[in-house]
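Okay, work_6.csv now, which holds CSV, C-alpha atoms and all ligand atoms:
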```
chain,number,residue,atom,x,y,z
A,1,MET,CA,4.9,13.8,-19.5
A,2,ALA,CA,4.8,13.4,-15.7
A,3,SER,CA,5.6,9.9,-14.5
A,4,LYS,CA,3.0,7.6,-12.9
A,5,LEU,CA,5.6,6.3,-10.3
A,6,PHE,CA,6.0,9.8,-8.9
A,7,SER,CA,2.3,10.7,-8.9
A,8,PRO,CA,0.4,10.7,-5.6
A,9,LEU,CA,-1.8,7.8,-4.6
A,10,LYS,CA,-4.7,7.9,-2.2
A,11,LEU,CA,-4.9,4.9,0.1
A,12,GLY,CA,-7.9,5.1,2.4
A,13,GLY,CA,-7.9,8.4,4.1
A,14,PHE,CA,-4.3,9.6,3.3
A,15,GLU,CA,-2.2,10.2,0.4
A,16,LEU,CA,1.2,8.8,-0.6
A,17,ALA,CA,3.4,11.4,-2.2
A,18,ASN,CA,4.6,8.8,-4.7
A,19,ARG,CA,3.9,5.1,-5.5
A,20,ILE,CA,7.0,3.5,-4.1
A,21,VAL,CA,6.2,1.3,-1.1
A,22,ILE,CA,9.0,0.0,1.1
A,23,ALA,CA,7.8,-3.6,1.6
A,24,PRO,CA,8.0,-5.1,5.1
A,25,MET,CA,11.4,-6.6,6.0
A,26,CYS,CA,12.1,-8.6,9.2
A,27,GLN,CA,15.2,-7.3,10.9
A,28,TYR,CA,15.5,-10.0,13.5
A,29,SER,CA,16.9,-7.4,15.9
A,30,ALA,CA,14.2,-7.0,18.5
A,31,VAL,CA,14.5,-8.3,22.1
A,32,ASP,CA,11.3,-9.9,23.5
A,33,GLY,CA,9.4,-8.2,20.7
A,34,SER,CA,10.8,-4.8,21.5
A,35,ALA,CA,12.5,-2.6,19.0
A,36,SER,CA,16.3,-2.0,19.6
A,37,ASP,CA,18.8,0.6,18.5
A,38,TRP,CA,19.2,-1.2,15.2
A,39,HIS,CA,15.7,-0.1,14.4
A,40,ILE,CA,16.8,3.5,14.8
A,41,VAL,CA,19.5,2.9,12.2
A,42,HIS,CA,17.3,1.0,9.8
A,43,PHE,CA,14.2,3.3,10.1
A,44,SER,CA,16.4,6.4,9.6
A,45,ASN,CA,18.0,4.8,6.5
A,46,MET,CA,14.6,4.0,5.0
A,47,LEU,CA,13.0,7.3,6.0
A,48,GLN,CA,15.6,9.3,4.1
A,49,SER,CA,15.0,7.3,0.8
A,50,GLY,CA,12.2,9.4,-0.6
A,51,ALA,CA,9.7,6.5,-0.9
A,52,GLY,CA,6.0,7.1,-0.6
A,53,VAL,CA,5.5,4.9,2.5
A,54,PHE,CA,7.6,2.7,4.8
A,55,ILE,CA,6.0,-0.5,6.1
A,56,LEU,CA,7.6,-1.8,9.2
A,57,GLU,CA,8.5,-5.5,9.4
A,58,ALA,CA,6.2,-8.4,10.2
A,59,THR,CA,5.2,-7.7,13.9
A,60,GLY,CA,3.8,-10.4,16.0
A,61,VAL,CA,0.4,-9.7,17.6
A,62,GLU,CA,1.3,-12.2,20.4
A,63,ALA,CA,4.6,-13.5,21.6
A,64,ALA,CA,3.9,-17.0,20.2
A,65,GLY,CA,3.1,-15.3,16.8
A,66,ARG,CA,6.6,-14.1,16.2
A,67,ILE,CA,8.7,-15.8,13.6
A,68,SER,CA,11.8,-15.8,15.8
A,69,HIS,CA,13.1,-14.5,19.1
A,70,GLY,CA,14.4,-11.4,17.1
A,71,CYS,CA,11.1,-10.4,15.6
A,72,LEU,CA,9.2,-7.3,16.5
A,73,GLY,CA,6.0,-7.7,18.5
A,74,LEU,CA,3.2,-5.3,19.5
A,75,TYR,CA,1.6,-7.3,22.3
A,76,SER,CA,2.9,-5.6,25.5
A,77,ASP,CA,3.3,-2.1,27.0
A,78,ALA,CA,7.1,-2.7,26.8
A,79,ASN,CA,6.9,-3.4,23.0
A,80,GLU,CA,4.8,-0.2,22.5
A,81,GLU,CA,7.1,1.9,24.6
A,82,ALA,CA,10.2,0.6,22.7
A,83,LEU,CA,8.7,1.4,19.3
A,84,ALA,CA,7.5,4.8,20.6
A,85,ARG,CA,11.1,5.6,21.6
A,86,VAL,CA,12.5,4.7,18.1
A,87,LEU,CA,9.7,6.7,16.3
A,88,LYS,CA,10.2,9.7,18.5
A,89,ILE,CA,13.9,9.9,17.4
A,90,VAL,CA,13.4,9.3,13.7
A,91,ARG,CA,10.0,10.8,12.8
A,92,PRO,CA,10.9,14.5,13.0
A,93,TYR,CA,13.4,14.1,10.1
A,94,SER,CA,11.1,12.7,7.4
A,95,LYS,CA,7.6,13.4,6.2
A,96,MET,CA,7.2,9.8,4.9
A,97,PRO,CA,4.2,8.0,6.3
A,98,ILE,CA,5.0,4.9,8.3
A,99,GLY,CA,2.9,1.7,8.3
A,100,ILE,CA,3.3,-1.6,10.1
A,101,GLN,CA,2.7,-5.2,9.1
A,102,LEU,CA,0.8,-7.0,11.8
A,103,GLY,CA,1.0,-10.8,11.7
A,104,HIS,CA,1.1,-14.1,13.3
A,105,ALA,CA,3.5,-16.8,12.1
A,106,GLY,CA,1.3,-19.8,13.1
A,107,ARG,CA,3.2,-23.0,12.2
A,108,LYS,CA,6.1,-21.0,10.9
A,109,ALA,CA,6.7,-19.4,14.4
A,110,SER,CA,9.5,-20.5,16.8
A,111,THR,CA,12.3,-20.4,14.2
A,112,GLN,CA,16.0,-19.5,14.4
A,113,ILE,CA,17.2,-16.1,13.1
A,114,PRO,CA,18.4,-16.7,9.4
A,115,TRP,CA,22.0,-15.7,10.0
A,116,LEU,CA,22.2,-18.1,13.0
A,117,GLY,CA,21.1,-21.0,10.8
A,118,GLY,CA,17.3,-20.6,10.4
A,119,GLY,CA,14.9,-23.6,10.7
A,120,GLY,CA,12.8,-24.5,13.7
A,121,LEU,CA,14.2,-23.6,17.2
A,122,LYS,CA,15.7,-26.7,18.8
A,123,ALA,CA,15.8,-27.8,22.5
A,124,GLY,CA,18.1,-25.4,24.3
A,125,GLN,CA,17.1,-22.5,22.0
A,126,ASN,CA,14.0,-21.6,23.9
A,127,PRO,CA,11.4,-22.9,21.4
A,128,TRP,CA,7.7,-22.4,21.9
A,129,PRO,CA,4.6,-24.4,20.9
A,130,THR,CA,3.1,-23.3,17.6
A,131,VAL,CA,-0.5,-23.2,16.3
A,132,ALA,CA,-2.1,-23.5,12.9
A,133,PRO,CA,-5.4,-24.3,11.2
A,134,SER,CA,-4.4,-28.0,11.1
A,135,ALA,CA,-1.8,-30.1,12.9
A,136,ILE,CA,0.6,-30.3,10.0
A,137,ALA,CA,4.2,-29.3,10.3
A,138,PHE,CA,5.8,-27.0,7.8
A,139,ASP,CA,8.6,-29.4,7.2
A,140,GLU,CA,10.8,-31.8,9.1
A,141,ASN,CA,12.7,-28.9,10.6
A,142,HIS,CA,9.6,-27.5,12.3
A,143,ASP,CA,7.6,-28.9,15.2
A,144,THR,CA,4.0,-30.0,14.5
A,145,PRO,CA,1.6,-27.2,15.5
A,146,SER,CA,-1.6,-27.8,17.3
A,147,ALA,CA,-4.9,-27.1,15.4
A,148,MET,CA,-6.5,-24.0,16.7
A,149,GLY,CA,-9.9,-24.3,18.5
A,150,ASP,CA,-12.6,-21.6,18.8
A,151,ALA,CA,-11.1,-20.1,21.9
A,152,GLU,CA,-7.6,-19.7,20.4
A,153,MET,CA,-9.0,-18.2,17.2
A,154,ALA,CA,-11.0,-15.7,19.3
A,155,ARG,CA,-7.8,-14.9,21.3
A,156,VAL,CA,-5.7,-14.3,18.2
A,157,LYS,CA,-8.4,-12.2,16.6
A,158,GLN,CA,-8.5,-10.0,19.7
A,159,ALA,CA,-4.7,-9.8,19.7
A,160,PHE,CA,-4.8,-8.4,16.1
A,161,ALA,CA,-7.3,-5.7,17.3
A,162,ASP,CA,-5.3,-4.9,20.4
A,163,ALA,CA,-2.1,-4.6,18.4
A,164,ALA,CA,-3.9,-2.2,16.0
A,165,LYS,CA,-5.0,-0.1,19.0
A,166,ARG,CA,-1.3,0.1,20.0
A,167,ALA,CA,-0.4,1.1,16.4
A,168,LEU,CA,-3.0,3.8,16.6
A,169,ARG,CA,-1.5,5.2,19.9
A,170,LEU,CA,1.9,5.1,18.2
A,171,GLY,CA,0.6,7.4,15.5
A,172,LEU,CA,1.3,5.0,12.7
A,173,ASP,CA,-0.5,5.8,9.4
A,174,LEU,CA,-1.1,2.4,7.8
A,175,ILE,CA,-1.6,-1.2,8.8
A,176,GLU,CA,-0.9,-4.1,6.5
A,177,LEU,CA,-2.2,-7.5,7.8
A,178,HIS,CA,0.1,-10.3,6.9
A,179,GLY,CA,-2.0,-12.8,4.9
A,180,ALA,CA,0.9,-14.1,2.8
A,181,HIS,CA,4.1,-16.2,2.6
A,182,GLY,CA,2.6,-19.1,4.6
A,183,TYR,CA,2.0,-17.3,7.9
A,184,LEU,CA,-1.1,-17.9,10.0
A,185,LEU,CA,-3.8,-16.0,7.9
A,186,CYS,CA,-2.2,-17.4,4.7
A,187,GLN,CA,-2.2,-20.9,6.3
A,188,PHE,CA,-6.0,-20.6,6.7
A,189,LEU,CA,-6.4,-19.5,3.1
A,190,SER,CA,-4.3,-22.3,1.6
A,191,PRO,CA,-5.7,-25.8,1.0
A,192,ILE,CA,-2.2,-27.1,1.4
A,193,VAL,CA,-2.2,-26.2,5.1
A,194,ASN,CA,-5.9,-25.9,6.0
A,195,LYS,CA,-7.5,-29.3,6.3
A,196,ARG,CA,-10.2,-28.3,8.7
A,197,THR,CA,-13.7,-29.9,8.4
A,198,ASP,CA,-15.5,-27.1,10.3
A,199,ARG,CA,-16.7,-23.8,8.8
A,200,TYR,CA,-13.1,-22.5,8.6
A,201,GLY,CA,-12.0,-25.2,6.2
A,202,GLY,CA,-13.0,-26.8,2.9
A,203,SER,CA,-14.4,-24.3,0.3
A,204,ALA,CA,-12.5,-21.1,-0.5
A,205,ALA,CA,-15.2,-19.1,1.3
A,206,ASN,CA,-14.7,-21.2,4.4
A,207,ARG,CA,-10.9,-20.9,4.3
A,208,ALA,CA,-11.2,-17.1,3.9
A,209,ARG,CA,-13.6,-16.9,7.0
A,210,PHE,CA,-11.0,-16.5,9.7
A,211,PRO,CA,-8.7,-14.0,7.8
A,212,LEU,CA,-11.9,-11.9,7.1
A,213,GLU,CA,-13.0,-12.0,10.7
A,214,VAL,CA,-9.5,-10.8,11.7
A,215,PHE,CA,-9.8,-8.0,9.1
A,216,ASP,CA,-13.2,-7.0,10.4
A,217,ALA,CA,-11.9,-6.9,14.0
A,218,VAL,CA,-9.0,-4.6,12.9
A,219,ARG,CA,-11.2,-2.4,10.7
A,220,ALA,CA,-13.5,-1.8,13.7
A,221,VAL,CA,-10.7,-0.2,15.6
A,222,TRP,CA,-8.6,1.4,12.8
A,223,PRO,CA,-9.8,4.9,11.7
A,224,ARG,CA,-11.0,5.4,8.1
A,225,GLU,CA,-8.7,8.4,7.8
A,226,LYS,CA,-5.7,6.0,7.9
A,227,ALA,CA,-5.1,3.1,5.6
A,228,LEU,CA,-5.7,-0.6,6.2
A,229,GLY,CA,-4.9,-3.4,3.8
A,230,VAL,CA,-3.8,-7.0,3.4
A,231,ARG,CA,-0.8,-8.7,2.0
A,232,LEU,CA,-1.9,-11.9,0.3
A,233,ASN,CA,-0.6,-14.8,-1.9
A,234,GLY,CA,-1.8,-14.8,-5.5
A,235,THR,CA,-0.5,-18.4,-5.7
A,236,ASP,CA,1.3,-21.0,-3.6
A,237,TRP,CA,3.0,-22.1,-6.9
A,238,ARG,CA,1.6,-25.6,-6.4
A,239,GLU,CA,-1.2,-27.6,-7.9
A,240,ASP,CA,-2.7,-28.2,-4.5
A,241,GLY,CA,-2.5,-24.6,-3.4
A,242,ILE,CA,-4.7,-21.5,-3.5
A,243,THR,CA,-5.7,-20.5,-7.1
A,244,ILE,CA,-5.4,-16.9,-8.4
A,245,ASP,CA,-9.2,-16.8,-8.8
A,246,GLU,CA,-9.6,-17.7,-5.1
A,247,ALA,CA,-7.1,-15.0,-4.2
A,248,ALA,CA,-8.9,-12.4,-6.3
A,249,ASP,CA,-12.2,-13.3,-4.7
A,250,PHE,CA,-10.7,-12.9,-1.3
A,251,ALA,CA,-9.4,-9.5,-2.3
A,252,ALA,CA,-12.9,-8.5,-3.7
A,253,GLU,CA,-14.4,-9.5,-0.3
A,254,LEU,CA,-11.8,-7.4,1.5
A,255,ALA,CA,-12.6,-4.5,-0.7
A,256,LYS,CA,-16.3,-4.9,0.2
A,257,ARG,CA,-15.4,-4.8,3.9
A,258,GLY,CA,-13.4,-1.6,3.6
A,259,SER,CA,-9.8,-2.7,2.8
A,260,ASP,CA,-8.0,0.2,1.3
A,261,PHE,CA,-5.4,-1.8,-0.6
A,262,VAL,CA,-3.9,-5.3,-1.2
A,263,HIS,CA,-0.3,-6.2,-1.6
A,264,VAL,CA,0.1,-9.2,-3.9
A,265,THR,CA,2.9,-11.7,-3.4
A,266,SER,CA,3.2,-15.5,-3.4
A,267,GLY,CA,4.7,-18.7,-2.0
A,268,GLY,CA,5.8,-19.8,1.5
A,269,ASN,CA,3.3,-22.6,2.2
A,270,GLY,CA,5.6,-25.4,1.3
A,271,ALA,CA,8.2,-26.5,-1.2
A,272,ALA,CA,7.6,-25.2,-4.7
A,273,ASN,CA,9.3,-24.3,-8.0
A,274,ILE,CA,9.0,-20.5,-8.3
A,275,PRO,CA,9.7,-19.0,-11.7
A,276,LEU,CA,11.8,-16.1,-10.3
A,277,GLY,CA,12.5,-13.2,-12.6
A,278,ALA,CA,12.0,-9.4,-12.9
A,279,GLY,CA,8.4,-8.7,-11.9
A,280,TYR,CA,7.4,-12.3,-11.7
A,281,GLN,CA,4.5,-11.6,-9.4
A,282,VAL,CA,3.1,-8.7,-11.4
A,283,PRO,CA,0.6,-10.9,-13.4
A,284,LEU,CA,-0.8,-12.0,-10.0
A,285,ALA,CA,-1.3,-8.4,-8.9
A,286,GLU,CA,-2.9,-7.5,-12.3
A,287,LYS,CA,-5.5,-10.4,-12.0
A,288,VAL,CA,-6.3,-9.4,-8.4
A,289,ARG,CA,-6.6,-5.7,-9.3
A,290,ASP,CA,-8.9,-6.5,-12.3
A,291,ARG,CA,-11.2,-8.7,-10.4
A,292,ALA,CA,-11.3,-6.9,-7.0
A,293,LYS,CA,-11.1,-3.3,-8.2
A,294,ILE,CA,-8.9,-2.3,-5.3
A,295,PRO,CA,-5.6,-0.3,-5.1
A,296,THR,CA,-3.0,-3.0,-5.6
A,297,ILE,CA,0.7,-3.1,-4.8
A,298,ALA,CA,2.9,-5.3,-7.0
A,299,VAL,CA,6.2,-6.5,-5.5
A,300,GLY,CA,9.0,-8.9,-6.4
A,301,MET,CA,12.2,-8.3,-8.2
A,302,ILE,CA,11.2,-4.9,-9.6
A,303,THR,CA,14.5,-2.9,-9.7
A,304,ASP,CA,14.5,-1.0,-13.0
A,305,PRO,CA,12.7,2.4,-12.8
A,306,ALA,CA,11.4,2.1,-16.4
A,307,HIS,CA,10.0,-1.3,-15.6
A,308,ALA,CA,8.3,0.1,-12.4
A,309,GLU,CA,6.8,2.9,-14.5
A,310,SER,CA,5.5,0.6,-17.2
A,311,ILE,CA,3.8,-1.7,-14.7
A,312,LEU,CA,1.8,1.4,-13.4
A,313,ALA,CA,1.3,3.0,-16.8
A,314,GLU,CA,-0.1,-0.3,-18.2
A,315,GLY,CA,-2.6,-0.5,-15.4
A,316,LYS,CA,-1.2,-3.7,-13.9
A,317,ALA,CA,-0.8,-2.2,-10.4
A,318,ASP,CA,-1.2,1.0,-8.5
A,319,ALA,CA,2.0,1.0,-6.5
A,320,ILE,CA,5.4,-0.8,-6.5
A,321,GLY,CA,6.8,-2.6,-3.5
A,322,LEU,CA,10.5,-2.7,-3.1
A,323,ALA,CA,12.5,-4.8,-0.5
A,324,ARG,CA,16.0,-6.0,-1.5
A,325,GLY,CA,16.3,-3.3,-4.1
A,326,ILE,CA,16.0,-0.5,-1.5
A,327,LEU,CA,18.4,-2.2,0.9
A,328,ASN,CA,20.9,-2.4,-1.9
A,329,ASP,CA,20.2,1.2,-2.9
A,330,PRO,CA,18.5,3.3,-0.2
A,331,ARG,CA,18.3,6.2,-2.6
A,332,TRP,CA,16.5,4.2,-5.2
A,333,PRO,CA,13.6,6.7,-5.3
A,334,TRP,CA,16.0,9.5,-6.1
A,335,HIS,CA,17.7,7.6,-8.8
A,336,ALA,CA,14.4,6.4,-10.3
A,337,ALA,CA,13.1,10.0,-10.2
A,338,VAL,CA,16.0,11.3,-12.2
A,339,ALA,CA,15.8,8.4,-14.7
A,340,LEU,CA,12.1,9.3,-15.2
A,341,GLY,CA,12.8,13.0,-15.5
A,342,GLU,CA,11.5,14.0,-12.1
A,343,ASN,CA,13.0,15.8,-9.1
A,344,PRO,CA,14.3,13.5,-6.4
A,345,PRO,CA,11.6,13.1,-3.7
A,346,GLY,CA,11.9,13.6,0.1
A,347,VAL,CA,15.4,15.2,0.1
A,348,SER,CA,16.3,16.5,3.6
A,349,PRO,CA,17.8,19.9,3.5
A,350,GLN,CA,21.1,18.5,4.9
A,351,TYR,CA,21.4,16.2,1.9
A,352,LEU,CA,20.3,18.7,-0.8
A,353,ARG,CA,23.8,19.3,-2.2
A,354,GLY,CA,24.1,15.6,-2.9
A,355,ALA,CA,20.8,15.1,-4.6
A,356,PRO,CA,21.0,14.3,-8.3
A,357,ARG,CA,19.2,16.6,-10.8
A,358,PRO,CA,16.8,15.4,-13.5
A,359,LYS,CA,18.4,15.0,-16.9
A,360,ALA,CA,17.4,17.9,-19.2
A,401,LIG,C1,15.4,-9.1,4.6
A,401,LIG,C2,14.0,-9.4,4.2
A,401,LIG,C3,13.0,-9.5,5.2
A,401,LIG,C4,11.7,-9.7,4.8
A,401,LIG,N1,10.7,-9.7,5.7
A,401,LIG,C5,9.4,-9.7,5.3
A,401,LIG,C6,8.3,-9.4,6.2
A,401,LIG,O1,8.6,-9.1,7.4
A,401,LIG,N2,7.1,-9.5,5.8
A,401,LIG,C7,6.8,-9.8,4.5
A,401,LIG,O2,5.6,-9.9,4.1
A,401,LIG,N3,7.7,-10.0,3.6
A,401,LIG,C8,9.0,-9.9,4.0
A,401,LIG,N4,10.0,-10.1,3.0
A,401,LIG,C9,9.6,-10.2,1.6
A,401,LIG,C10,9.6,-8.8,1.0
A,401,LIG,O3,8.7,-7.9,1.6
A,401,LIG,C11,9.4,-8.8,-0.6
A,401,LIG,O4,8.0,-9.3,-0.8
A,401,LIG,C12,10.3,-9.8,-1.3
A,401,LIG,O5,11.7,-9.6,-0.9
A,401,LIG,C13,10.3,-9.5,-2.8
A,401,LIG,O6,10.6,-8.2,-3.1
A,401,LIG,P1,12.0,-7.7,-3.6
A,401,LIG,O7,12.4,-8.6,-4.9
A,401,LIG,O8,11.9,-6.3,-3.9
A,401,LIG,O9,13.0,-8.0,-2.5
A,401,LIG,C14,11.3,-9.9,3.4
A,401,LIG,C15,12.4,-9.8,2.4
A,401,LIG,C16,13.7,-9.6,2.8
A,401,LIG,C17,14.7,-9.5,1.8
```
Could you render the structure as structure tokens?
Ligand SMILES: Cc1cc2nc3c(=O)[nH]c(=O)nc-3n(C[C@H](O)[C@H](O)[C@H](O)COP(=O)(O)O)c2cc1C
Amino acid sequence: MASKLFSPLKLGGFELANRIVIAPMCQYSAVDGSASDWHIVHFSNMLQSGAGVFILEATGVEAAGRISHGCLGLYSDANEEALARVLKIVRPYSKMPIGIQLGHAGRKASTQIPWLGGGGLKAGQNPWPTVAPSAIAFDENHDTPSAMGDAEMARVKQAFADAAKRALRLGLDLIELHGAHGYLLCQFLSPIVNKRTDRYGGSAANRARFPLEVFDAVRAVWPREKALGVRLNGTDWREDGITIDEAADFAAELAKRGSDFVHVTSGGNGAANIPLGAGYQVPLAEKVRDRAKIPTIAVGMITDPAHAESILAEGKADAIGLARGILNDPRWPWHAAVALGENPPGVSPQYLRGAPRPKA
């Protein structure tokens, strides 16, 4: 029987050849938000994997919305030109659609690159002021952000729409808005971070208001024949965090407004005990999918092809996100295909002689 993992999936106006999604992964290798030669290396690597779609790393919609000095941005002509240069080199050699994750780091911006020590940037490291729904620092290693006023919220909303227009000019196929892992849109959604007393805080509907306004602003400029979706937290893994029902309601509201998919993950809004294990976030994806009736990507420690296949076959998700697993094995889709009795996908003619064959 044909596998589910290697069956096509329609997301919005275009079709993925299979259901393997390369989840966004920060590379911390940009300069002033502009892609570098490392991005040529990394994109080429991912684009020869045979996955269904490659989602580029969290990309700041304004300079202050980047996580670190090394994060990609899409807020200037220079950023757009740098990404165009990289795409022009790598795109002719793969049919894989390319998406981008647009985000704003809010109170988790202005941090050091992980391999240089991580944590908030210190004096002498060119830190910048951060913003958030409420003036509460992430932890003692981060500066206290300022609470966003109406004008700042309007500016950030416009920045998301402007970055989407740049993504359109770049010919990208999909946008994923970063509403997870404790970054700005996720900060609004979470009662841990959002202590506002205006119409953007309090009830779950109020906390969802700004993320939904951002979604609408992007939907208005992003064509239906491409795909637009949101990465969201199913839980903060804390009693005082967002509930799975609230997350599922948010996804249902996104579906109503024309979201083509959601990508369900968790955590990042503060210290928590996370029950890590293979597929630990799948139950969150399943609940969101059941309630919101929207194509759903499950992600998190899914590395075994049979496990990935069973998640899809049992109707728990529509696609599988891979991050560390595909860095570890950039031909994971080939190996998964063979394990499931399929032909390796997306093999470039130059690599044909090395591609494995399905077991008889
Ligand atoms: C190097 C690295 C960078 C990441 N950067 C991002 C990012 O830019 N945006 C995001 O939403 N998640 C990011 N993540 C999280 C992954 O997308 C993914 O959700 C997480 O690693 C769990 O999946 P995995 O077990 O397959 O790695 C990153 C993970 C890694 C390992």
Report as JSON lines: every residue of chain A with an atom at most 8 Å from ligand LIG 401 (chain A), its closest pair of atoms, and their distance in Å to one decimal, counting all atoms listed in the file, with rows sorted by chain and ascending residue number.
```
{"residue": "A:Ile22", "atom": "CA", "partner": "A:LIG401", "partner_atom": "O3", "distance": 7.9}
{"residue": "A:Ala23", "atom": "CA", "partner": "A:LIG401", "partner_atom": "O3", "distance": 4.4}
{"residue": "A:Pro24", "atom": "CA", "partner": "A:LIG401", "partner_atom": "C6", "distance": 4.4}
{"residue": "A:Met25", "atom": "CA", "partner": "A:LIG401", "partner_atom": "N1", "distance": 3.2}
{"residue": "A:Cys26", "atom": "CA", "partner": "A:LIG401", "partner_atom": "N1", "distance": 3.9}
{"residue": "A:Gln27", "atom": "CA", "partner": "A:LIG401", "partner_atom": "C3", "distance": 6.5}
{"residue": "A:Leu56", "atom": "CA", "partner": "A:LIG401", "partner_atom": "O1", "distance": 7.6}
{"residue": "A:Glu57", "atom": "CA", "partner": "A:LIG401", "partner_atom": "O1", "distance": 4.1}
{"residue": "A:Ala58", "atom": "CA", "partner": "A:LIG401", "partner_atom": "O1", "distance": 3.8}
{"residue": "A:Thr59", "atom": "CA", "partner": "A:LIG401", "partner_atom": "O1", "distance": 7.5}
{"residue": "A:Gln101", "atom": "CA", "partner": "A:LIG401", "partner_atom": "N2", "distance": 7.0}
{"residue": "A:His178", "atom": "CA", "partner": "A:LIG401", "partner_atom": "O2", "distance": 6.2}
{"residue": "A:Ala180", "atom": "CA", "partner": "A:LIG401", "partner_atom": "O2", "distance": 6.4}
{"residue": "A:His181", "atom": "CA", "partner": "A:LIG401", "partner_atom": "O2", "distance": 6.6}
{"residue": "A:Arg231", "atom": "CA", "partner": "A:LIG401", "partner_atom": "O2", "distance": 6.8}
{"residue": "A:Thr265", "atom": "CA", "partner": "A:LIG401", "partner_atom": "O4", "distance": 6.2}
{"residue": "A:Val299", "atom": "CA", "partner": "A:LIG401", "partner_atom": "O6", "distance": 5.3}
{"residue": "A:Gly300", "atom": "CA", "partner": "A:LIG401", "partner_atom": "O7", "distance": 3.7}
{"residue": "A:Met301", "atom": "CA", "partner": "A:LIG401", "partner_atom": "O7", "distance": 3.3}
{"residue": "A:Ile302", "atom": "CA", "partner": "A:LIG401", "partner_atom": "O8", "distance": 5.9}
{"residue": "A:Thr303", "atom": "CA", "partner": "A:LIG401", "partner_atom": "O8", "distance": 7.2}
{"residue": "A:Gly321", "atom": "CA", "partner": "A:LIG401", "partner_atom": "O8", "distance": 6.3}
{"residue": "A:Leu322", "atom": "CA", "partner": "A:LIG401", "partner_atom": "O8", "distance": 3.9}
{"residue": "A:Ala323", "atom": "CA", "partner": "A:LIG401", "partner_atom": "O8", "distance": 3.8}
{"residue": "A:Arg324", "atom": "CA", "partner": "A:LIG401", "partner_atom": "O9", "distance": 3.7}
{"residue": "A:Gly325", "atom": "CA", "partner": "A:LIG401", "partner_atom": "O8", "distance": 5.3}
{"residue": "A:Ile326", "atom": "CA", "partner": "A:LIG401", "partner_atom": "O8", "distance": 7.5}
```
#### Entry: Among listed residues A:Leu74, A:Leu121, A:Ala64, A:Leu312, nearest Asn141 (chain A) (using all atoms listed in the file)
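Comparing A:Leu74, A:Leu121, A:Ala64, A:Leu312 against Asn141 (chain A), the winner is A:Leu121.
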query: If I put a ball of radius 10 Å at (9.4, -0.2, 18.3) in the file's coordinates, which residues poke into it when counting all atoms listed in the file, written as a list in words?
result: Ala30, Gly33, Ser34, Ala35, Ser36, Asp37, His39, Ile40, Leu56, Thr59, Leu72, Gly73, Leu74, Ala78, Asn79, Glu80, Glu81, Ala82, Leu83, Ala84, Arg85, Val86, Leu87, Lys88 and Leu170 of chain A
Determine, counting only C-alpha atoms, which protein, DNA and RNA residues have an atom within 9 Å of an atom of region 269-280 of chain A; residues of the same chain fewer than 4 positions away are not included. Present the result as a PDB file with C-alpha atoms, keeping the file's coordinate frame.
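Dumped everything to out15.pdb:
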```
ATOM      1  CA  PHE A 138       5.800 -27.000   7.800  1.00  0.00           C
ATOM      2  CA  ASP A 139       8.600 -29.400   7.200  1.00  0.00           C
ATOM      3  CA  ALA A 180       0.900 -14.100   2.800  1.00  0.00           C
ATOM      4  CA  HIS A 181       4.100 -16.200   2.600  1.00  0.00           C
ATOM      5  CA  GLY A 182       2.600 -19.100   4.600  1.00  0.00           C
ATOM      6  CA  TYR A 183       2.000 -17.300   7.900  1.00  0.00           C
ATOM      7  CA  CYS A 186      -2.200 -17.400   4.700  1.00  0.00           C
ATOM      8  CA  GLN A 187      -2.200 -20.900   6.300  1.00  0.00           C
ATOM      9  CA  SER A 190      -4.300 -22.300   1.600  1.00  0.00           C
ATOM     10  CA  ILE A 192      -2.200 -27.100   1.400  1.00  0.00           C
ATOM     11  CA  VAL A 193      -2.200 -26.200   5.100  1.00  0.00           C
ATOM     12  CA  ASP A 236       1.300 -21.000  -3.600  1.00  0.00           C
ATOM     13  CA  TRP A 237       3.000 -22.100  -6.900  1.00  0.00           C
ATOM     14  CA  ARG A 238       1.600 -25.600  -6.400  1.00  0.00           C
ATOM     15  CA  GLY A 241      -2.500 -24.600  -3.400  1.00  0.00           C
ATOM     16  CA  LEU A 284      -0.800 -12.000 -10.000  1.00  0.00           C
ATOM     17  CA  ALA A 298       2.900  -5.300  -7.000  1.00  0.00           C
ATOM     18  CA  VAL A 299       6.200  -6.500  -5.500  1.00  0.00           C
ATOM     19  CA  GLY A 300       9.000  -8.900  -6.400  1.00  0.00           C
ATOM     20  CA  MET A 301      12.200  -8.300  -8.200  1.00  0.00           C
ATOM     21  CA  ILE A 302      11.200  -4.900  -9.600  1.00  0.00           C
ATOM     22  CA  THR A 303      14.500  -2.900  -9.700  1.00  0.00           C
ATOM     23  CA  ASP A 304      14.500  -1.000 -13.000  1.00  0.00           C
ATOM     24  CA  HIS A 307      10.000  -1.300 -15.600  1.00  0.00           C
ATOM     25  CA  ALA A 308       8.300   0.100 -12.400  1.00  0.00           C
ATOM     26  CA  ILE A 311       3.800  -1.700 -14.700  1.00  0.00           C
TER      27      ILE A 311
END
```
Separating CA of Phe188 (chain A) from CA of Ile136 (chain A), to the nearest tenth of an Å, is a gap of 12.2 Å
Report, as lines of an AutoDock Vina configuration file, the centre and edge lengths in Å (one decimal) of the axis-aligned box enclosing every listed atom of region 94-100 of chain A, padded by 3 Å on each side.
```
center_x = 7.0
center_y = 5.9
center_z = 7.5
size_x = 14.2
size_y = 21.0
size_z = 11.2
```
re CA of Leu228 (chain A) and CA of Thr111 (chain A): distance 27.9 Å
Please tabulate, as a tab-separated table, the residues of region 190-269 of chain A that come within 8 Å of region 128-135 of chain A, each with its closest pair of atoms and the distance in Å to one decimal, counting all atoms listed in the file and ordering rows by chain, then residue number upward.
```
residue	atom	partner	partner_atom	distance
A:Val193	CA	A:Ser134	CA	6.6
A:Asn194	CA	A:Pro133	CA	5.5
A:Lys195	CA	A:Ser134	CA	5.9
A:Arg196	CA	A:Ser134	CA	6.3
```
